[in-house]
$ cat coords-v9.csv   # CSV, C-alpha atoms
chain,number,residue,atom,x,y,z
F,16,MET,CA,0.0,0.0,0.0
F,17,GLY,CA,1.4,3.4,-1.0
F,18,ILE,CA,2.0,6.0,1.7
F,19,GLU,CA,-0.8,8.3,0.4
F,20,LYS,CA,-3.3,5.5,0.6
F,21,TYR,CA,-3.0,5.4,4.4
F,22,ARG,CA,-5.1,8.5,4.6
F,23,GLU,CA,-7.9,6.7,2.7
F,24,ASP,CA,-7.5,3.5,4.8
F,25,PRO,CA,-10.7,3.0,7.0
F,26,ARG,CA,-8.4,1.9,9.9
F,27,PHE,CA,-7.0,5.5,10.1
F,28,ARG,CA,-10.3,7.3,9.6
F,29,GLY,CA,-10.5,10.5,11.7
F,30,ILE,CA,-6.7,10.9,12.2
F,31,GLU,CA,-5.4,14.2,10.9
F,32,ALA,CA,-1.8,14.6,9.6
F,33,LEU,CA,0.4,16.4,12.0
F,34,SER,CA,0.7,20.1,11.1
F,35,ALA,CA,4.3,20.1,12.4
F,36,LYS,CA,6.4,17.1,11.7
F,37,ALA,CA,7.3,14.8,14.6
F,38,TRP,CA,11.0,14.2,14.0
F,39,LEU,CA,13.0,11.1,14.9
F,40,SER,CA,15.5,13.3,16.8
F,41,SER,CA,16.4,16.8,15.6
F,42,PRO,CA,18.6,19.5,17.1
F,43,THR,CA,17.2,21.6,20.0
F,44,MET,CA,18.8,25.0,20.4
F,45,HIS,CA,18.5,27.2,23.5
F,46,GLY,CA,20.3,30.5,22.8
F,47,GLU,CA,23.6,30.1,24.6
F,48,GLU,CA,24.9,28.5,21.4
F,49,GLN,CA,24.5,31.7,19.5
F,50,PHE,CA,26.4,33.7,22.1
F,51,TYR,CA,29.5,31.4,21.9
F,52,VAL,CA,29.4,31.3,18.1
F,53,ASP,CA,29.1,35.1,17.9
F,54,GLU,CA,32.0,35.4,20.3
F,55,ALA,CA,34.1,33.2,18.1
F,56,ILE,CA,33.3,35.3,15.0
F,57,ARG,CA,33.7,38.6,16.8
F,58,THR,CA,37.2,37.6,18.0
F,59,ASN,CA,38.0,36.0,14.7
F,60,TRP,CA,38.7,32.6,16.2
F,61,VAL,CA,36.9,30.6,13.5
F,62,SER,CA,39.5,27.9,12.8
F,63,THR,CA,40.6,24.8,14.8
F,64,ILE,CA,41.9,26.7,17.8
F,65,GLY,CA,40.0,28.9,20.3
F,66,ALA,CA,38.4,29.4,23.6
F,67,ASN,CA,35.3,27.3,22.8
F,68,ILE,CA,37.4,24.2,22.0
F,69,ASN,CA,39.4,24.6,25.2
F,70,ALA,CA,36.2,25.1,27.2
F,71,VAL,CA,34.5,22.1,25.7
F,72,GLU,CA,37.4,19.8,26.3
F,73,ARG,CA,37.6,20.9,30.0
F,74,ALA,CA,33.8,20.5,30.4
F,75,PHE,CA,33.9,16.9,29.2
F,76,VAL,CA,36.8,15.9,31.3
F,77,GLU,CA,34.7,17.1,34.3
F,78,LYS,CA,31.4,15.6,33.0
F,79,ILE,CA,32.6,12.2,31.9
F,80,GLY,CA,35.4,11.7,34.4
F,81,ARG,CA,38.3,10.8,32.1
F,82,PRO,CA,41.5,12.8,32.5
F,83,TYR,CA,41.8,14.0,28.9
F,84,ALA,CA,39.4,14.9,26.1
F,85,VAL,CA,40.3,15.8,22.5
F,86,ALA,CA,37.6,17.7,20.5
F,87,LEU,CA,37.4,16.4,16.9
F,88,GLY,CA,35.4,17.2,13.8
F,89,CYS,CA,33.0,14.3,14.1
F,90,GLY,CA,32.4,11.1,16.1
F,91,THR,CA,33.7,9.0,13.2
F,92,ALA,CA,37.0,10.9,13.3
F,93,ALA,CA,37.2,10.2,17.1
F,94,LEU,CA,36.5,6.5,16.5
F,95,HIS,CA,39.2,6.3,13.8
F,96,LEU,CA,41.9,7.8,16.0
F,97,ALA,CA,40.8,5.7,19.0
F,98,THR,CA,41.1,2.6,16.8
F,99,ARG,CA,44.5,3.8,15.5
F,100,LEU,CA,45.8,4.5,19.0
F,101,CYS,CA,44.9,1.0,20.1
F,102,GLY,CA,46.3,-0.6,17.0
F,103,ILE,CA,49.7,1.1,17.5
F,104,GLU,CA,49.7,0.3,21.2
F,105,LEU,CA,49.0,-3.4,20.5
F,106,TYR,CA,51.1,-4.0,17.4
F,107,GLY,CA,53.6,-1.1,17.2
F,108,GLU,CA,54.0,1.6,14.6
F,109,PRO,CA,52.7,0.5,11.2
F,110,ALA,CA,55.5,-0.4,8.9
F,111,THR,CA,53.7,1.2,5.9
F,112,GLY,CA,53.0,4.4,7.8
F,113,HIS,CA,49.3,3.8,7.1
F,114,GLY,CA,47.1,1.1,8.8
F,115,SER,CA,47.9,0.1,12.4
F,116,LEU,CA,45.8,-3.1,12.1
F,117,GLU,CA,47.1,-4.5,8.8
F,118,GLY,CA,46.0,-8.1,8.5
F,119,ARG,CA,44.5,-8.2,12.1
F,120,LYS,CA,41.0,-9.2,13.0
F,121,VAL,CA,38.9,-7.0,15.4
F,122,PHE,CA,35.7,-7.9,17.2
F,123,CYS,CA,33.0,-5.4,16.7
F,124,SER,CA,29.4,-4.8,17.7
F,125,ASP,CA,27.1,-6.2,15.1
F,126,MET,CA,24.0,-4.1,15.7
F,127,THR,CA,25.3,-0.5,15.3
F,128,PHE,CA,25.7,2.2,12.7
F,129,ASP,CA,28.6,1.5,10.3
F,130,ALA,CA,30.6,4.4,11.6
F,131,THR,CA,31.4,2.2,14.6
F,132,VAL,CA,33.2,-0.4,12.5
F,133,ASN,CA,34.5,1.4,9.4
F,134,PRO,CA,37.6,2.7,11.2
F,135,VAL,CA,38.8,-0.9,11.5
F,136,ALA,CA,38.9,-1.0,7.7
F,137,TYR,CA,40.5,2.4,7.6
F,138,GLU,CA,43.4,1.0,9.6
F,139,GLY,CA,43.7,-2.2,7.5
F,140,GLY,CA,41.9,-4.5,9.9
F,141,GLU,CA,39.1,-7.0,9.4
F,142,ALA,CA,36.0,-6.7,11.5
F,143,VAL,CA,34.5,-9.9,13.0
F,144,PHE,CA,30.9,-9.2,14.2
F,145,ILE,CA,29.6,-10.3,17.6
F,146,ASP,CA,25.9,-10.9,17.9
F,147,THR,CA,23.5,-9.0,20.1
F,148,GLU,CA,21.9,-10.0,23.4
F,149,ARG,CA,18.2,-9.5,24.2
F,150,ASP,CA,18.5,-7.6,27.5
F,151,THR,CA,20.1,-4.4,26.2
F,152,TRP,CA,20.4,-5.0,22.4
F,153,ASN,CA,24.2,-4.7,22.8
F,154,MET,CA,27.1,-7.0,22.2
F,155,ASP,CA,26.6,-10.4,23.8
F,156,PRO,CA,29.4,-11.2,26.3
F,157,ARG,CA,28.8,-14.9,25.8
F,158,ALA,CA,29.1,-14.6,22.0
F,159,LEU,CA,32.3,-12.5,22.6
F,160,GLU,CA,33.8,-15.3,24.8
F,161,LYS,CA,32.9,-17.8,22.0
F,162,ALA,CA,34.6,-15.5,19.5
F,163,PHE,CA,37.9,-15.5,21.5
F,164,GLU,CA,37.8,-19.3,21.4
F,165,LEU,CA,37.5,-19.2,17.6
F,166,TYR,CA,40.0,-16.3,17.1
F,167,PRO,CA,42.4,-16.4,20.1
F,168,ASP,CA,44.8,-13.9,18.6
F,169,VAL,CA,42.4,-11.0,18.5
F,170,LYS,CA,43.4,-8.2,20.9
F,171,LEU,CA,40.9,-5.4,20.2
F,172,VAL,CA,37.1,-5.1,20.7
F,173,VAL,CA,35.0,-2.2,19.4
F,174,MET,CA,31.7,-2.0,21.3
F,175,ALA,CA,28.8,0.4,21.1
F,176,HIS,CA,26.0,1.4,23.5
F,177,LEU,CA,23.0,1.2,21.2
F,178,TYR,CA,20.3,3.9,21.2
F,179,GLY,CA,21.7,5.4,24.5
F,180,THR,CA,21.5,2.1,26.5
F,181,PRO,CA,24.7,0.8,28.2
F,182,GLY,CA,25.6,-2.7,27.4
F,183,LYS,CA,26.6,-5.4,29.9
F,184,ILE,CA,29.8,-3.6,30.7
F,185,ASP,CA,31.1,-5.6,33.6
F,186,ASP,CA,30.7,-8.9,31.7
F,187,LEU,CA,32.2,-7.5,28.4
F,188,ARG,CA,35.2,-6.0,30.2
F,189,ALA,CA,35.8,-9.2,32.1
F,190,VAL,CA,35.9,-11.2,28.9
F,191,CYS,CA,38.3,-8.7,27.4
F,192,ALA,CA,40.6,-8.7,30.4
F,193,LYS,CA,40.7,-12.5,30.4
F,194,HIS,CA,42.0,-12.4,26.9
F,195,GLY,CA,44.2,-9.4,27.2
F,196,ALA,CA,42.1,-7.3,24.7
F,197,MET,CA,41.7,-3.5,24.6
F,198,ILE,CA,38.3,-1.8,24.1
F,199,VAL,CA,37.3,1.0,21.9
F,200,GLU,CA,34.1,2.2,23.6
F,201,ASP,CA,31.6,3.8,21.1
F,202,ALA,CA,29.5,6.0,23.4
F,203,ALA,CA,28.4,8.2,20.5
F,204,GLU,CA,24.7,7.6,21.2
F,205,SER,CA,24.9,7.3,25.0
F,206,LEU,CA,26.3,10.6,26.3
F,207,GLY,CA,24.9,11.1,29.8
F,208,ALA,CA,23.9,7.4,30.3
F,209,THR,CA,25.4,5.7,33.3
F,210,TYR,CA,26.3,2.1,34.3
F,211,LYS,CA,26.5,1.5,38.1
F,212,GLY,CA,26.6,5.3,38.5
F,213,VAL,CA,29.5,5.8,36.1
F,214,GLN,CA,29.2,7.7,32.9
F,215,THR,CA,29.5,5.8,29.6
F,216,GLY,CA,32.8,7.0,28.1
F,217,CYS,CA,34.7,5.8,31.1
F,218,PHE,CA,34.8,2.1,30.2
F,219,GLY,CA,37.1,1.8,27.1
F,220,THR,CA,40.8,1.8,26.7
F,221,GLU,CA,39.8,4.7,24.5
F,222,SER,CA,36.3,6.1,24.3
F,223,VAL,CA,34.3,8.3,22.0
F,224,ILE,CA,31.2,10.5,22.1
F,225,SER,CA,29.4,12.3,19.2
F,226,PHE,CA,27.8,15.7,18.7
F,227,ASN,CA,26.1,14.9,15.4
F,228,GLY,CA,22.9,16.8,14.6
F,229,ASN,CA,20.6,14.1,15.9
F,230,LYS,CA,22.4,13.3,19.2
F,231,ILE,CA,21.3,14.1,22.7
F,232,ILE,CA,23.3,17.4,22.5
F,233,THR,CA,24.8,18.6,19.3
F,234,GLY,CA,27.3,20.9,17.7
F,235,SER,CA,25.7,20.3,14.3
F,236,ALA,CA,28.8,18.0,14.0
F,237,GLY,CA,31.7,17.2,16.2
F,238,GLY,CA,33.0,14.4,18.4
F,239,MET,CA,35.3,13.8,21.3
F,240,LEU,CA,38.0,11.2,22.1
F,241,LEU,CA,38.4,10.4,25.8
F,242,THR,CA,41.6,8.9,27.1
F,243,ASP,CA,43.7,8.5,30.2
F,244,THR,CA,47.2,9.9,29.4
F,245,GLU,CA,48.5,13.2,28.3
F,246,GLU,CA,50.8,11.5,25.8
F,247,LYS,CA,47.9,9.9,24.0
F,248,ALA,CA,45.9,13.1,24.0
F,249,ALA,CA,48.8,15.0,22.6
F,250,ARG,CA,49.3,12.4,19.9
F,251,VAL,CA,45.6,12.5,18.9
F,252,ARG,CA,45.8,16.4,18.7
F,253,LYS,CA,48.8,16.1,16.4
F,254,TRP,CA,47.2,13.5,14.2
F,255,SER,CA,44.0,15.6,14.0
F,256,THR,CA,45.9,18.6,12.6
F,257,GLN,CA,47.8,16.8,9.8
F,258,SER,CA,50.6,15.6,12.1
F,259,ARG,CA,52.6,18.8,11.6
F,260,ASP,CA,56.1,18.6,13.1
F,261,PRO,CA,57.4,21.6,15.2
F,262,ALA,CA,59.4,23.0,12.3
F,263,PRO,CA,59.3,26.5,10.7
F,264,TRP,CA,57.8,24.9,7.5
F,265,TYR,CA,55.3,22.2,6.9
F,266,GLN,CA,57.1,19.0,7.8
F,267,HIS,CA,55.5,15.6,8.5
F,268,THR,CA,57.0,12.4,9.8
F,269,GLU,CA,53.8,10.4,10.2
F,270,MET,CA,50.3,10.1,8.7
F,271,GLY,CA,48.0,13.0,9.7
F,272,TYR,CA,44.3,13.9,9.2
F,273,ASN,CA,42.1,17.1,9.1
F,274,TYR,CA,40.1,16.0,12.1
F,275,ARG,CA,40.2,18.8,14.6
F,276,MET,CA,36.9,20.4,15.8
F,277,SER,CA,36.4,24.0,14.7
F,278,ASN,CA,35.9,26.8,17.3
F,279,ILE,CA,32.5,27.5,15.7
F,280,VAL,CA,31.2,23.9,16.2
F,281,ALA,CA,32.7,24.0,19.7
F,282,GLY,CA,30.7,27.1,20.4
F,283,VAL,CA,27.4,25.3,19.6
F,284,VAL,CA,28.5,22.3,21.8
F,285,ARG,CA,29.5,24.7,24.6
F,286,GLY,CA,26.0,26.2,24.6
F,287,GLN,CA,24.4,22.8,24.6
F,288,ILE,CA,26.3,21.3,27.6
F,289,PRO,CA,24.1,22.9,30.3
F,290,HIS,CA,21.0,21.3,28.7
F,291,LEU,CA,22.2,17.7,28.7
F,292,GLU,CA,20.2,16.6,31.7
F,293,GLU,CA,17.2,18.5,30.6
F,294,HIS,CA,17.3,16.7,27.2
F,295,ILE,CA,17.7,13.4,28.9
F,296,ALA,CA,14.7,14.0,31.1
F,297,GLN,CA,12.6,15.0,28.1
F,298,LYS,CA,13.7,11.8,26.2
F,299,LYS,CA,12.9,9.7,29.3
F,300,ALA,CA,9.4,11.2,29.5
F,301,ILE,CA,8.8,10.3,25.8
F,302,TYR,CA,10.0,6.7,26.4
F,303,GLU,CA,7.6,6.3,29.4
F,304,ARG,CA,4.6,7.9,27.5
F,305,TYR,CA,5.2,5.4,24.7
F,306,ARG,CA,5.4,2.5,27.1
F,307,GLU,CA,2.2,3.5,28.8
F,308,GLY,CA,0.3,4.5,25.7
F,309,LEU,CA,1.1,1.2,23.8
F,310,ARG,CA,0.2,-1.0,26.8
F,311,GLY,CA,-1.9,-3.9,25.7
F,312,LEU,CA,-0.5,-4.1,22.2
F,313,PRO,CA,1.8,-7.1,21.3
F,314,VAL,CA,4.9,-4.9,21.5
F,315,THR,CA,7.7,-4.1,23.9
F,316,MET,CA,10.0,-1.1,24.2
F,317,ASN,CA,13.8,-1.3,23.7
F,318,PRO,CA,15.0,-2.9,27.0
F,319,TYR,CA,17.7,-1.8,29.5
F,320,ASP,CA,19.2,-3.2,32.7
F,321,ALA,CA,17.2,-1.2,35.3
F,322,GLU,CA,19.2,-2.6,38.2
F,323,ASN,CA,22.6,-1.4,36.9
F,324,SER,CA,22.1,1.3,34.3
F,325,GLU,CA,20.3,4.4,33.4
F,326,PRO,CA,20.0,5.1,29.7
F,327,ASN,CA,19.9,8.6,28.1
F,328,TYR,CA,16.8,7.4,26.2
F,329,TRP,CA,18.1,8.9,23.0
F,330,LEU,CA,15.7,6.9,20.8
F,331,SER,CA,12.5,5.1,21.8
F,332,CYS,CA,12.2,1.8,19.9
F,333,LEU,CA,9.5,-0.8,19.5
F,334,LEU,CA,9.8,-4.6,19.1
F,335,LEU,CA,6.8,-6.4,17.8
F,336,ASP,CA,5.9,-9.8,19.3
F,337,GLU,CA,6.8,-12.6,16.9
F,338,ASP,CA,3.2,-13.9,16.6
F,339,ALA,CA,2.0,-10.3,15.9
F,340,MET,CA,4.0,-10.0,12.7
F,341,CYS,CA,2.3,-10.0,9.4
F,342,PHE,CA,4.3,-11.1,6.4
F,343,GLN,CA,7.3,-8.8,5.8
F,344,GLU,CA,10.3,-9.4,3.5
F,345,ARG,CA,13.2,-7.1,3.2
F,346,GLY,CA,15.8,-6.9,0.4
F,347,ASP,CA,18.8,-4.7,0.2
F,348,LEU,CA,16.9,-1.6,-0.9
F,349,ARG,CA,13.1,-2.4,-0.5
F,350,ALA,CA,10.7,-4.1,1.7
F,351,GLU,CA,7.4,-5.8,1.0
F,352,TYR,CA,4.6,-6.8,3.4
F,353,ARG,CA,1.0,-8.1,3.4
F,354,THR,CA,-1.6,-6.7,5.8
F,355,GLU,CA,-3.3,-9.1,8.2
F,356,PRO,CA,-6.1,-8.3,10.7
F,357,GLY,CA,-4.7,-7.9,14.2
F,358,LYS,CA,-1.1,-8.0,13.0
F,359,SER,CA,1.4,-5.5,11.6
F,360,CYS,CA,5.1,-5.1,10.9
F,361,PRO,CA,7.8,-2.3,11.1
F,362,THR,CA,7.4,-1.5,7.4
F,363,GLU,CA,3.7,-0.9,7.7
F,364,ILE,CA,4.0,1.2,10.9
F,365,LEU,CA,6.8,3.3,9.5
F,366,GLU,CA,4.8,4.0,6.3
F,367,ALA,CA,1.7,4.9,8.3
F,368,LEU,CA,3.7,7.3,10.5
F,369,ALA,CA,5.2,8.9,7.4
F,370,ALA,CA,1.8,9.3,5.8
F,371,PHE,CA,0.7,11.4,8.8
F,372,ASN,CA,3.9,13.5,9.0
F,373,ALA,CA,5.9,11.6,11.7
F,374,GLU,CA,9.4,10.3,11.2
F,375,GLY,CA,10.5,6.8,12.3
F,376,ARG,CA,13.3,4.6,11.2
F,377,PRO,CA,14.1,0.9,10.9
F,378,ILE,CA,16.4,-0.5,13.6
F,379,TRP,CA,20.1,-0.5,12.6
F,380,LYS,CA,20.6,-3.2,10.1
F,381,PRO,CA,23.2,-5.6,11.6
F,382,MET,CA,26.7,-5.3,10.1
F,383,HIS,CA,26.9,-8.9,9.2
F,384,MET,CA,23.9,-8.4,6.9
F,385,GLN,CA,25.4,-5.3,5.2
F,386,PRO,CA,26.6,-5.9,1.6
F,387,ILE,CA,30.0,-4.4,2.3
F,388,TYR,CA,30.6,-6.8,5.2
F,389,ARG,CA,28.8,-10.0,4.3
F,390,GLY,CA,32.1,-11.9,3.8
F,391,HIS,CA,33.3,-11.1,7.3
F,392,GLY,CA,33.1,-13.4,10.3
F,393,PHE,CA,30.0,-13.4,12.5
F,394,VAL,CA,29.8,-15.0,15.9
F,395,SER,CA,26.5,-15.9,17.5
F,396,LEU,CA,25.1,-18.4,19.9
F,397,GLY,CA,23.0,-19.9,17.0
F,398,GLU,CA,20.0,-17.6,17.1
F,399,ASP,CA,21.1,-14.4,15.2
F,400,MET,CA,19.5,-12.1,17.7
F,401,GLY,CA,20.4,-9.0,15.7
F,402,ALA,CA,18.7,-10.1,12.5
F,403,ASP,CA,15.5,-10.9,14.5
F,404,ILE,CA,15.5,-7.5,16.3
F,405,PHE,CA,16.1,-5.8,12.9
F,406,GLN,CA,13.2,-7.8,11.4
F,407,ARG,CA,10.7,-7.0,14.2
F,408,GLY,CA,11.9,-3.6,15.5
F,409,LEU,CA,11.7,0.1,14.6
F,410,CYS,CA,12.7,3.5,16.0
F,411,LEU,CA,9.8,5.8,17.0
F,412,PRO,CA,9.7,9.6,16.7
F,413,SER,CA,11.7,10.6,19.7
F,414,ASP,CA,12.3,14.3,19.3
F,415,ASN,CA,12.5,16.1,22.6
F,416,LYS,CA,10.4,19.0,21.2
F,417,MET,CA,7.5,16.6,20.3
F,418,THR,CA,4.3,17.7,22.0
F,419,LYS,CA,2.1,15.3,24.0
F,420,GLU,CA,-0.5,15.8,21.4
F,421,GLN,CA,1.9,14.8,18.6
F,422,GLN,CA,2.9,11.7,20.6
F,423,ASP,CA,-0.7,10.8,21.3
F,424,THR,CA,-1.3,10.9,17.5
F,425,VAL,CA,1.8,8.7,16.9
F,426,ILE,CA,0.5,6.2,19.5
F,427,GLU,CA,-3.0,6.1,17.9
F,428,ILE,CA,-1.5,5.5,14.5
F,429,ILE,CA,0.5,2.5,15.8
F,430,ARG,CA,-2.6,1.2,17.6
F,431,ARG,CA,-4.7,1.4,14.3
F,432,CYS,CA,-2.0,-0.6,12.5
F,433,PHE,CA,-3.0,-3.6,14.6
F,434,ASP,CA,-6.7,-3.3,13.8
$ encode --input "coords-v9.csv" --output "structure tokens"
Amino acid sequence: MGIEKYREDPRFRGIEALSAKAWLSSPTMHGEEQFYVDEAIRTNWVSTIGANINAVERAFVEKIGRPYAVALGCGTAALHLATRLCGIELYGEPATGHGSLEGRKVFCSDMTFDATVNPVAYEGGEAVFIDTERDTWNMDPRALEKAFELYPDVKLVVMAHLYGTPGKIDDLRAVCAKHGAMIVEDAAESLGATYKGVQTGCFGTESVISFNGNKIITGSAGGMLLTDTEEKAARVRKWSTQSRDPAPWYQHTEMGYNYRMSNIVAGVVRGQIPHLEEHIAQKKAIYERYREGLRGLPVTMNPYDAENSEPNYWLSCLLLDEDAMCFQERGDLRAEYRTEPGKSCPTEILEALAAFNAEGRPIWKPMHMQPIYRGHGFVSLGEDMGADIFQRGLCLPSDNKMTKEQQDTVIEIIRRCFD
């Protein structure tokens, strides 16, 4: 059924399209951002040095609790340099001057955005994907242990906290410690989330956060690498500014990158920082309204370990019960489904939401299912949890500016899908 036909479908009679779009997760500005950006322009500090960059780095050292923070142009840049740092520490300086992981396998979260794992390829490594567990939708520690049995030489693990929900951190770290492996912690989606009272971003050998436009706070772009030594922080700063040597001319003795955060972007981030807890509270309220409003339907919300963690509730997600799924088939570029009374599927719900001016999104397609990575190793306990969650799950409109009335409409649309 085409999107426009939803407005003619008897199931949705009486529902009006939202006059203002309910976004998945859009930037929310407050005014302080403009002050710091204007100050950067007024003082002419519009490049990759300036007071805003320094202030943002100090703020995240204090906020996260790591000794050093390096502001970079995006979360992917931070992931790349974190991965490079670990590769060099594990295997020494790359003989070619390029990849620090040449010919090495690296264990990576399977259900994540590809920015988590692409840096492994940048550094010449080969990602091996570790299946997801049900309790938090993150890397399964049992599958990770199995992976070390299959590939005992691996010494680096890249793990993400999906949709702002901390993984089973103690178990994952224990497996890595047992096998002498380092961790790159991708906390891009989980800024402000805690595990046993400790902020995510504190649990990796190197850790990363993101300020992309859709994140819990934003700089329109930007990322941060968090580390424990001044030497590592200094090396990342050098790499991020094209690895210029301290010579009176441009001289380079190692590979460098144009990865430093600009003082303009840092101004936006600086103005956002005081609003982090406010945004988290708004996102939590949205999650809880969905959970209550969808009660009685054959669905569950994205789970978290309530005993040990507090998510930042970045995105509210839905998982349909297996016996409530109508036929749905997904190819690489398109999906098909057949409507059935009393049943639905993510494709139908997303199309219905779009028809009434609300933005949702499929769950991240697992990395082992991506065309670019299909030939790579994948370690599961036999059930392929990530593929199942992808098949039955979706991300709901979770914008912290969404009104209660907009959310009520979204909830009613979802309910009608099961009529």
$ residues_around --input "coords-v9.csv" --residues "Thr256 in chain F" --least-positions-apart "5" --cutoff "7 Å" --atoms "all atoms listed in the file" --output "list in words"
Gly271, Tyr272, Asn273, Tyr274 and Arg275 of chain F
$ closest_residue --input "coords-v9.csv" --among "F:Gly390, F:Gly282, F:Gly114, F:Pro313" --to "Trp60 in chain F" --atoms "all atoms listed in the file"
F:Gly282
$ closest_atom_pairs --input "coords-v9.csv" --of "range 331-414 of chain F" --to "range 166-172 of chain F" --cutoff "12 Å" --atoms "all atoms listed in the file" --output "Markdown table"
| residue | atom | partner | partner_atom | distance |
| --- | --- | --- | --- | --- |
| F:Gly392 | CA | F:Tyr166 | CA | 10.1 |
| F:Phe393 | CA | F:Tyr166 | CA | 11.4 |
| F:Val394 | CA | F:Tyr166 | CA | 10.4 |
$ residues_around --input "coords-v9.csv" --residues "Val52 in chain F" --least-positions-apart "5" --cutoff "8 Å" --atoms "only C-alpha atoms" --output "list in words"
Asn278, Ile279, Val280, Gly282 and Val283 of chain F
$ write_last_selection --input "coords-v9.csv" --atoms "C-alpha atoms" --output "CSV table (one decimal), in the coordinates of the input"
chain,number,residue,atom,x,y,z
F,278,ASN,CA,35.9,26.8,17.3
F,279,ILE,CA,32.5,27.5,15.7
F,280,VAL,CA,31.2,23.9,16.2
F,282,GLY,CA,30.7,27.1,20.4
F,283,VAL,CA,27.4,25.3,19.6
$ residues_around --input "coords-v9.csv" --residues "range 360-370 of chain F" --least-positions-apart "3" --cutoff "6 Å" --atoms "only C-alpha atoms" --output "list in words"
Ile18, Met340, Cys341, Ala373, Glu374, Gly375 and Leu409 of chain F
$ decode --input "coords-v9.csv" --residues "range 62-74 of chain F" --atoms "N, CA, C and O atoms" --output "PDB file, in the first residue's frame"
ATOM      1  N   SER F  62      38.768  29.074  13.355  1.00  0.00           N
ATOM      2  CA  SER F  62      39.482  27.908  12.830  1.00  0.00           C
ATOM      3  C   SER F  62      39.465  26.795  13.874  1.00  0.00           C
ATOM      4  O   SER F  62      38.528  26.671  14.652  1.00  0.00           O
ATOM      5  N   THR F  63      40.534  26.011  13.926  1.00  0.00           N
ATOM      6  CA  THR F  63      40.576  24.835  14.799  1.00  0.00           C
ATOM      7  C   THR F  63      41.343  25.102  16.088  1.00  0.00           C
ATOM      8  O   THR F  63      41.859  24.178  16.713  1.00  0.00           O
ATOM      9  N   ILE F  64      41.404  26.341  16.506  1.00  0.00           N
ATOM     10  CA  ILE F  64      41.879  26.708  17.835  1.00  0.00           C
ATOM     11  C   ILE F  64      40.951  27.790  18.374  1.00  0.00           C
ATOM     12  O   ILE F  64      40.290  28.491  17.613  1.00  0.00           O
ATOM     13  N   GLY F  65      40.866  27.907  19.697  1.00  0.00           N
ATOM     14  CA  GLY F  65      40.030  28.949  20.258  1.00  0.00           C
ATOM     15  C   GLY F  65      39.481  28.578  21.621  1.00  0.00           C
ATOM     16  O   GLY F  65      39.571  27.433  22.075  1.00  0.00           O
ATOM     17  N   ALA F  66      38.883  29.565  22.274  1.00  0.00           N
ATOM     18  CA  ALA F  66      38.403  29.412  23.648  1.00  0.00           C
ATOM     19  C   ALA F  66      37.291  28.372  23.747  1.00  0.00           C
ATOM     20  O   ALA F  66      37.187  27.669  24.761  1.00  0.00           O
ATOM     21  N   ASN F  67      36.440  28.282  22.723  1.00  0.00           N
ATOM     22  CA  ASN F  67      35.344  27.321  22.796  1.00  0.00           C
ATOM     23  C   ASN F  67      35.858  25.884  22.811  1.00  0.00           C
ATOM     24  O   ASN F  67      35.353  25.045  23.567  1.00  0.00           O
ATOM     25  N   ILE F  68      36.843  25.592  21.981  1.00  0.00           N
ATOM     26  CA  ILE F  68      37.412  24.238  21.961  1.00  0.00           C
ATOM     27  C   ILE F  68      38.002  23.903  23.323  1.00  0.00           C
ATOM     28  O   ILE F  68      37.753  22.820  23.874  1.00  0.00           O
ATOM     29  N   ASN F  69      38.771  24.822  23.865  1.00  0.00           N
ATOM     30  CA  ASN F  69      39.388  24.573  25.176  1.00  0.00           C
ATOM     31  C   ASN F  69      38.340  24.361  26.255  1.00  0.00           C
ATOM     32  O   ASN F  69      38.466  23.460  27.101  1.00  0.00           O
ATOM     33  N   ALA F  70      37.284  25.168  26.226  1.00  0.00           N
ATOM     34  CA  ALA F  70      36.241  25.069  27.245  1.00  0.00           C
ATOM     35  C   ALA F  70      35.476  23.753  27.121  1.00  0.00           C
ATOM     36  O   ALA F  70      35.131  23.125  28.135  1.00  0.00           O
ATOM     37  N   VAL F  71      35.200  23.324  25.894  1.00  0.00           N
ATOM     38  CA  VAL F  71      34.468  22.077  25.683  1.00  0.00           C
ATOM     39  C   VAL F  71      35.292  20.886  26.155  1.00  0.00           C
ATOM     40  O   VAL F  71      34.776  19.962  26.804  1.00  0.00           O
ATOM     41  N   GLU F  72      36.569  20.877  25.863  1.00  0.00           N
ATOM     42  CA  GLU F  72      37.419  19.784  26.331  1.00  0.00           C
ATOM     43  C   GLU F  72      37.444  19.725  27.854  1.00  0.00           C
ATOM     44  O   GLU F  72      37.326  18.650  28.448  1.00  0.00           O
ATOM     45  N   ARG F  73      37.582  20.869  28.505  1.00  0.00           N
ATOM     46  CA  ARG F  73      37.579  20.895  29.973  1.00  0.00           C
ATOM     47  C   ARG F  73      36.238  20.408  30.524  1.00  0.00           C
ATOM     48  O   ARG F  73      36.185  19.652  31.500  1.00  0.00           O
ATOM     49  N   ALA F  74      35.156  20.834  29.889  1.00  0.00           N
ATOM     50  CA  ALA F  74      33.828  20.476  30.378  1.00  0.00           C
ATOM     51  C   ALA F  74      33.606  18.968  30.334  1.00  0.00           C
ATOM     52  O   ALA F  74      32.998  18.393  31.259  1.00  0.00           O
TER      53      ALA F  74
END
